[in-house]
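S.K.: Please see the structure below; I have some questions.
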Amino acid sequence: MGEVDITFKSSVPVFDCNVSIGRVHTRRLSVDDSEGTLKAMDHAGVNKALVHNPYGVNYDPVDGNRRLLESINGIERFVPQFTCNPATFNIETFAKSVSDNNIKSLRMEPISQNYPFVEWIVGECMEWITESKLTLFIPATDINPNEFHSVLKSFPKSKVVLSDLHYGHVPWAIPLLKSITNLYVEISKFSIADSIVRLRQTVGDNRILYGSKFPYQPMGPQLYSLHRWDLNETTLADICSNNLSTILGQ
Amino acid sequence: MKTTVIDFHSHVGRMGNYNVYDDQDWYVKTLDDAGVDKCFVSYIFDGKAKNCNDIVYEFVQKNPKRFGGFAHVNPHYIDEAIPELDRAFNKLGMKALKIYPPFADYPVNHESWYPIFEWCNKNKIPIKSHTQYGPGEFRHDYGGRPILFIDLAQKFPDVNWILAHSGNFELGRIESVKAAQECPNIYLETCSSYGDHGTIEYFVDSLGDERILYGSDVPLIDPRFGVGRIVTANISTESKRKILGLNALKVLNLKESEVIG
């Protein structure tokens, strides 16, 4: 008879690296505020979350980032992630805002924000991100793999996380992860058969980050899955929280 | 906790474009690791249904304790479909029919499907159909739009209709629940790579826990993830047990001993 853990709780601390707080126009989300997100974190056993605001992607990074800080209102379980649009922003102003708010990670969504991820647009920003030791998150759905590969090859000391990886991305994403050794991978949507085995073989244990893509996905399933791969506690803790803490310098 | 776990949605066949395969030793180990007792597989990729069903039969015969088969037919070859249904269920021992409307390129309520549905209705065969309805490119009837199943469930009342993926997207899930609320012979199946936070809870709150079936989509989606969607949902332990396997026993008319031995 099937042995499943119906009352599952994580055995290690959990730091979710892919959480969105805020409303969108296109639908009514099941959770769109801090209070609901905290409840979901408690239910799933998630201690901390790296959070961004969808307004920053969909309309305006400055207003979105301001709304983000207002919505998390100093709650320590939330770590803010600023949205960045290197095609339109003023880098000095943005850098000051990042520094003033002690921001450690940024988010770019090039296709959603209608610019190509190419060096003549993002190069200056990538230099600043690399020098500032910030971590950049970019969804796999928002890049041209060839452009992405070219830029990252030029910034071998940058810390970049490829998020939202889906089984449909496997034909190009696995070679990309092999080729770019400073590229990390977030696993919220990577549920293909043998998913964790594939990633461990491709990038090792320290470039894999647990994320949920909450509220567009629940926090629990990938966390439960991670506990069923016979990972030792050290590896499990690295993937569930330590790797993220390390790259954020926390 | 030990509980019966039946995967209602899995596949056999190579899918090399995603670098996933169906080696049976791997499959069994994966089911063991995920805690799945039995897995019902189909093969839907060949336009010649006989080939599909032969592949499933051969796969299941290697380990009938852990695997069961769902048949597949092609509505564009209706002259072959009816004899193939007879062969699949009366000779090969299939337990349900899997249809995939996106391949057919016309809606699931098109009359071309009717001879197939009439045969299943007469023989009380469950039909599991791919369903989806959502934003952008998915907003059309051709993918197995859930609302279309209301009419089918009423026209063919002796079929238990299983909506694979439960519509896959938010709009599809809303339609799936509406269809199941209207028709007692419609069931929701859980596998999806698009399920929002609260999806399983929404199904249980809207429909109760008796007509929801766990599915994974192995090998495209790992069963650990699929089981995790049920296990970590904010629903009762008894509801989780029903969704994971007890409901499937009833739909497929199986005894627990046939699954867990």
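Following the order of the structure tokens, first chain is A, next is B, and so on, with residues numbered from 1 inside each chain and ligands from 1 in the order they appear.
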When DSSP works through the backbone of this structure, what residues of range 43-235 of chain A end up as alpha helix (DSSP H), shown as a CSV table (one decimal) with C-alpha atoms, in the first residue's frame?

M.R.:
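That gives us out-v5.csv:
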```
chain,number,residue,atom,x,y,z
A,43,HIS,CA,0.3,26.0,6.4
A,44,ALA,CA,3.2,24.9,4.1
A,54,PRO,CA,3.5,42.1,-10.2
A,55,TYR,CA,2.7,45.8,-10.8
A,56,GLY,CA,6.5,46.3,-11.1
A,57,VAL,CA,6.6,43.9,-14.0
A,58,ASN,CA,3.3,44.8,-15.7
A,61,PRO,CA,9.0,49.2,-11.6
A,62,VAL,CA,9.2,52.3,-9.4
A,63,ASP,CA,5.6,52.2,-8.3
A,64,GLY,CA,5.6,48.4,-8.1
A,65,ASN,CA,8.7,48.4,-5.8
A,66,ARG,CA,7.1,51.1,-3.7
A,67,ARG,CA,3.9,49.1,-3.4
A,68,LEU,CA,6.0,46.0,-2.5
A,69,LEU,CA,7.6,47.8,0.4
A,70,GLU,CA,4.3,49.1,1.6
A,71,SER,CA,2.6,45.7,1.4
A,72,ILE,CA,5.3,43.8,3.3
A,91,ILE,CA,20.5,53.6,-13.3
A,92,GLU,CA,21.8,56.1,-10.7
A,93,THR,CA,18.3,56.7,-9.3
A,94,PHE,CA,17.5,53.0,-9.3
A,95,ALA,CA,20.8,52.1,-7.7
A,96,LYS,CA,20.2,54.5,-4.9
A,97,SER,CA,16.8,53.1,-4.2
A,98,VAL,CA,18.3,49.6,-4.1
A,99,SER,CA,21.0,50.7,-1.7
A,100,ASP,CA,18.7,52.7,0.5
A,119,GLU,CA,24.2,43.5,-24.1
A,120,TRP,CA,23.6,46.8,-25.8
A,121,ILE,CA,20.5,47.2,-23.7
A,122,VAL,CA,21.3,45.4,-20.4
A,123,GLY,CA,25.1,45.6,-20.4
A,124,GLU,CA,25.5,48.6,-18.2
A,125,CYS,CA,22.9,47.2,-15.7
A,126,MET,CA,24.6,43.8,-15.7
A,127,GLU,CA,27.9,45.5,-14.9
A,128,TRP,CA,26.4,47.3,-11.9
A,129,ILE,CA,24.5,44.2,-10.7
A,130,THR,CA,27.7,42.2,-10.9
A,131,GLU,CA,29.8,44.8,-9.1
A,145,PRO,CA,17.8,31.5,-24.8
A,146,ASN,CA,20.4,32.6,-27.4
A,147,GLU,CA,20.4,36.2,-26.2
A,148,PHE,CA,20.4,35.2,-22.6
A,149,HIS,CA,23.4,32.8,-23.2
A,150,SER,CA,25.4,35.5,-24.9
A,151,VAL,CA,24.9,38.1,-22.2
A,152,LEU,CA,25.7,35.7,-19.3
A,153,LYS,CA,28.9,34.5,-21.1
A,154,SER,CA,30.0,38.1,-20.9
A,170,VAL,CA,14.2,21.2,-21.2
A,171,PRO,CA,15.6,21.0,-24.7
A,172,TRP,CA,17.5,24.3,-24.3
A,173,ALA,CA,17.5,24.9,-20.6
A,174,ILE,CA,19.6,21.9,-19.6
A,175,PRO,CA,22.4,22.7,-22.1
A,176,LEU,CA,22.2,26.3,-21.0
A,177,LEU,CA,22.7,25.4,-17.3
A,178,LYS,CA,25.6,23.2,-18.3
A,179,SER,CA,27.2,26.0,-20.3
A,195,SER,CA,13.4,16.6,-12.1
A,196,ILE,CA,15.8,16.9,-9.2
A,197,VAL,CA,18.0,14.1,-10.4
A,198,ARG,CA,18.4,15.9,-13.7
A,199,LEU,CA,19.3,19.2,-12.1
A,200,ARG,CA,21.7,17.7,-9.5
A,201,GLN,CA,23.5,15.9,-12.4
A,202,THR,CA,23.5,19.2,-14.4
A,203,VAL,CA,24.4,21.9,-11.9
A,220,GLY,CA,3.5,22.7,-0.7
A,221,PRO,CA,3.9,20.3,-3.7
A,222,GLN,CA,7.4,21.0,-4.7
A,223,LEU,CA,8.5,21.1,-1.1
A,224,TYR,CA,6.9,17.7,-0.5
A,225,SER,CA,8.5,16.4,-3.6
A,226,LEU,CA,12.0,17.5,-2.4
A,233,GLU,CA,19.5,16.7,5.3
A,234,THR,CA,22.4,18.9,4.3
A,235,THR,CA,21.5,18.8,0.6
```

S.K.: I need the chain A residues near chain B as a PyMOL selection string; criterion: at most 7 Å, counting only C-alpha atoms.

M.R.: chain A and resi 1-6+8+30+167-168+170-171+189+191-194+214-218+220-222+224-225+228

S.K.: Could you name the residues that touch range 62-72 of chain B at 10 Å or less, counting only C-alpha atoms, but leaving out those on the same chain fewer than 4 positions away, as a PyMOL selection string?

M.R.: chain B and resi 6-12+24+27-28+31-32+36-58+81+84-85+87-89+92-100+126-128+258-261

S.K.: Report the distance between CA of Phe149 in chain B and CA of Thr26 in chain A in Å, rounded to one decimal place.

M.R.: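 Calculated distance between CA of Phe149 in chain B and CA of Thr26 in chain A is 25.9 Å.
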
S.K.: Would you mind reading off the distance between CA of Phe103 in chain B and CA of Ile162 in chain B, one decimal, in Å?

M.R.: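 So the two atoms, CA of Phe103 in chain B and CA of Ile162 in chain B, lie 17.9 Å apart.
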
S.K.: Range 163-165 of chain B: which residues within 7 Å, counting only C-alpha atoms, same-chain residues fewer than 3 positions away excluded, as a list in words?

M.R.: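 The residues satisfying every condition are Lys128, Ser129, His130, Thr131, Asn168, Tyr187, Leu188, Glu189, Thr190, Cys191 and Ser192 of chain B.
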
S.K.: Store the residues picked out above in a file with N, CA and C atoms, as a short mmCIF file (atom, residue, chain, number, x, y, z; two decimals), in the first residue's frame.

M.R.:
```
data_model
loop_
_atom_site.label_atom_id
_atom_site.label_comp_id
_atom_site.auth_asym_id
_atom_site.auth_seq_id
_atom_site.Cartn_x
_atom_site.Cartn_y
_atom_site.Cartn_z
N LYS B 128 -12.06 9.10 -20.03
CA LYS B 128 -11.24 10.20 -19.51
C LYS B 128 -10.80 11.04 -20.71
N SER B 129 -11.12 12.31 -20.67
CA SER B 129 -10.76 13.20 -21.78
C SER B 129 -9.81 14.29 -21.31
N HIS B 130 -8.83 14.59 -22.13
CA HIS B 130 -8.04 15.80 -21.91
C HIS B 130 -9.00 16.99 -21.92
N THR B 131 -8.81 17.91 -20.99
CA THR B 131 -9.61 19.14 -20.99
C THR B 131 -8.70 20.34 -20.77
N ASN B 168 -7.36 22.63 -16.63
CA ASN B 168 -5.95 23.06 -16.66
C ASN B 168 -5.70 24.51 -16.21
N TYR B 187 -16.39 13.59 -13.26
CA TYR B 187 -15.35 13.57 -12.23
C TYR B 187 -14.22 14.53 -12.63
N LEU B 188 -13.52 15.02 -11.64
CA LEU B 188 -12.37 15.90 -11.88
C LEU B 188 -11.08 15.14 -11.59
N GLU B 189 -10.10 15.33 -12.45
CA GLU B 189 -8.80 14.67 -12.24
C GLU B 189 -7.73 15.77 -12.11
N THR B 190 -6.76 15.52 -11.25
CA THR B 190 -5.98 16.64 -10.70
C THR B 190 -4.69 17.01 -11.41
N CYS B 191 -4.20 16.21 -12.35
CA CYS B 191 -2.85 16.51 -12.83
C CYS B 191 -2.83 17.80 -13.66
N SER B 192 -1.82 18.60 -13.41
CA SER B 192 -1.65 19.85 -14.14
C SER B 192 -0.33 20.47 -13.74
#
```

S.K.: Could you list, as a list in words, every residue within 10 Å of Val12 in chain A, counting only C-alpha atoms and ignoring same-chain residues fewer than 5 positions away?

M.R.: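 So, after excluding close chain neighbours, the residues are Gly45, Val46, Asn47, His227, Glu233, Thr234, Leu236, Ala237, Asp238, Ile239, Cys240 and Ser241 of chain A.
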
S.K.: Can you pull out every residue from range 11-104 of chain B that DSSP, working from the backbone, puts in strand (DSSP E), and format the result as a PDB file with C-alpha atoms, in the first residue's frame?

M.R.:
```pdb
ATOM      1  CA  HIS B  11       1.554   7.667 -20.237  1.00  0.00           C
ATOM      2  CA  LYS B  38      -0.921   1.425  -9.245  1.00  0.00           C
ATOM      3  CA  CYS B  39      -0.706   3.547 -12.324  1.00  0.00           C
ATOM      4  CA  PHE B  40      -3.112   3.596 -15.270  1.00  0.00           C
ATOM      5  CA  VAL B  41      -1.312   4.329 -18.509  1.00  0.00           C
ATOM      6  CA  SER B  42      -2.363   5.198 -22.021  1.00  0.00           C
ATOM      7  CA  PHE B  67       0.041  -0.989 -14.082  1.00  0.00           C
ATOM      8  CA  GLY B  68      -3.357  -0.926 -15.737  1.00  0.00           C
ATOM      9  CA  GLY B  69      -4.310   0.196 -19.212  1.00  0.00           C
ATOM     10  CA  PHE B  70      -6.574   2.841 -20.690  1.00  0.00           C
ATOM     11  CA  ALA B  71      -7.501   2.450 -24.353  1.00  0.00           C
ATOM     12  CA  ALA B  96     -11.230   3.144 -19.355  1.00  0.00           C
ATOM     13  CA  LEU B  97     -11.017   5.069 -22.620  1.00  0.00           C
ATOM     14  CA  LYS B  98      -8.635   8.018 -22.942  1.00  0.00           C
ATOM     15  CA  ILE B  99      -9.500  10.583 -25.600  1.00  0.00           C
TER      16      ILE B  99
END
```

S.K.: So which residues touch range 107-114 of chain B within 7 Å, counting only C-alpha atoms, skipping near sequence neighbours fewer than 3 positions away, as a list in words?

M.R.: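 My reading of the contact set: Pro75, Pro101, Phe117, Glu118, Asp141, Tyr142, Gly144, Leu148 and Leu152 of chain B.
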
S.K.: Those same residues - N, CA and C atoms - I'd like them written as a PDB file, in the first residue's frame.

M.R.:
```pdb
ATOM      1  N   PRO B  75     -11.136   9.196 -33.674  1.00  0.00           N
ATOM      2  CA  PRO B  75     -12.471   9.406 -34.257  1.00  0.00           C
ATOM      3  C   PRO B  75     -12.454   9.629 -35.764  1.00  0.00           C
ATOM      4  N   PRO B 101      -9.073  15.348 -27.406  1.00  0.00           N
ATOM      5  CA  PRO B 101      -9.712  16.180 -28.427  1.00  0.00           C
ATOM      6  C   PRO B 101      -8.775  17.093 -29.223  1.00  0.00           C
ATOM      7  N   PHE B 117     -18.836   7.281 -28.137  1.00  0.00           N
ATOM      8  CA  PHE B 117     -19.494   7.506 -26.847  1.00  0.00           C
ATOM      9  C   PHE B 117     -20.681   6.559 -26.663  1.00  0.00           C
ATOM     10  N   GLU B 118     -21.396   6.281 -27.759  1.00  0.00           N
ATOM     11  CA  GLU B 118     -22.537   5.354 -27.654  1.00  0.00           C
ATOM     12  C   GLU B 118     -22.059   3.960 -27.253  1.00  0.00           C
ATOM     13  N   ASP B 141     -12.856  25.950 -28.064  1.00  0.00           N
ATOM     14  CA  ASP B 141     -13.535  24.706 -27.715  1.00  0.00           C
ATOM     15  C   ASP B 141     -12.738  23.457 -28.074  1.00  0.00           C
ATOM     16  N   TYR B 142     -11.683  23.613 -28.848  1.00  0.00           N
ATOM     17  CA  TYR B 142     -11.071  22.448 -29.471  1.00  0.00           C
ATOM     18  C   TYR B 142     -10.159  21.633 -28.555  1.00  0.00           C
ATOM     19  N   GLY B 144     -10.955  20.426 -25.670  1.00  0.00           N
ATOM     20  CA  GLY B 144     -11.720  19.686 -24.686  1.00  0.00           C
ATOM     21  C   GLY B 144     -12.256  20.651 -23.637  1.00  0.00           C
ATOM     22  N   LEU B 148     -18.460  21.760 -22.330  1.00  0.00           N
ATOM     23  CA  LEU B 148     -19.077  20.928 -23.368  1.00  0.00           C
ATOM     24  C   LEU B 148     -19.458  19.542 -22.838  1.00  0.00           C
ATOM     25  N   LEU B 152     -22.718  16.143 -23.019  1.00  0.00           N
ATOM     26  CA  LEU B 152     -22.318  14.743 -23.246  1.00  0.00           C
ATOM     27  C   LEU B 152     -22.706  13.857 -22.066  1.00  0.00           C
TER      28      LEU B 152
END
```

S.K.: Could you pull the residues within 7 Å of Tyr210 in chain A, counting only C-alpha atoms, minus those fewer than 3 positions along the same chain, as an MDAnalysis selection string?

M.R.: chainID A and resid 16:17 186:188 239:240

S.K.: Can you measure CA of Ile103 in chain A to CA of Gly36 in chain A for me? One decimal in Å is fine.

M.R.: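 Separation of CA of Ile103 in chain A and CA of Gly36 in chain A: 23.3 Å.
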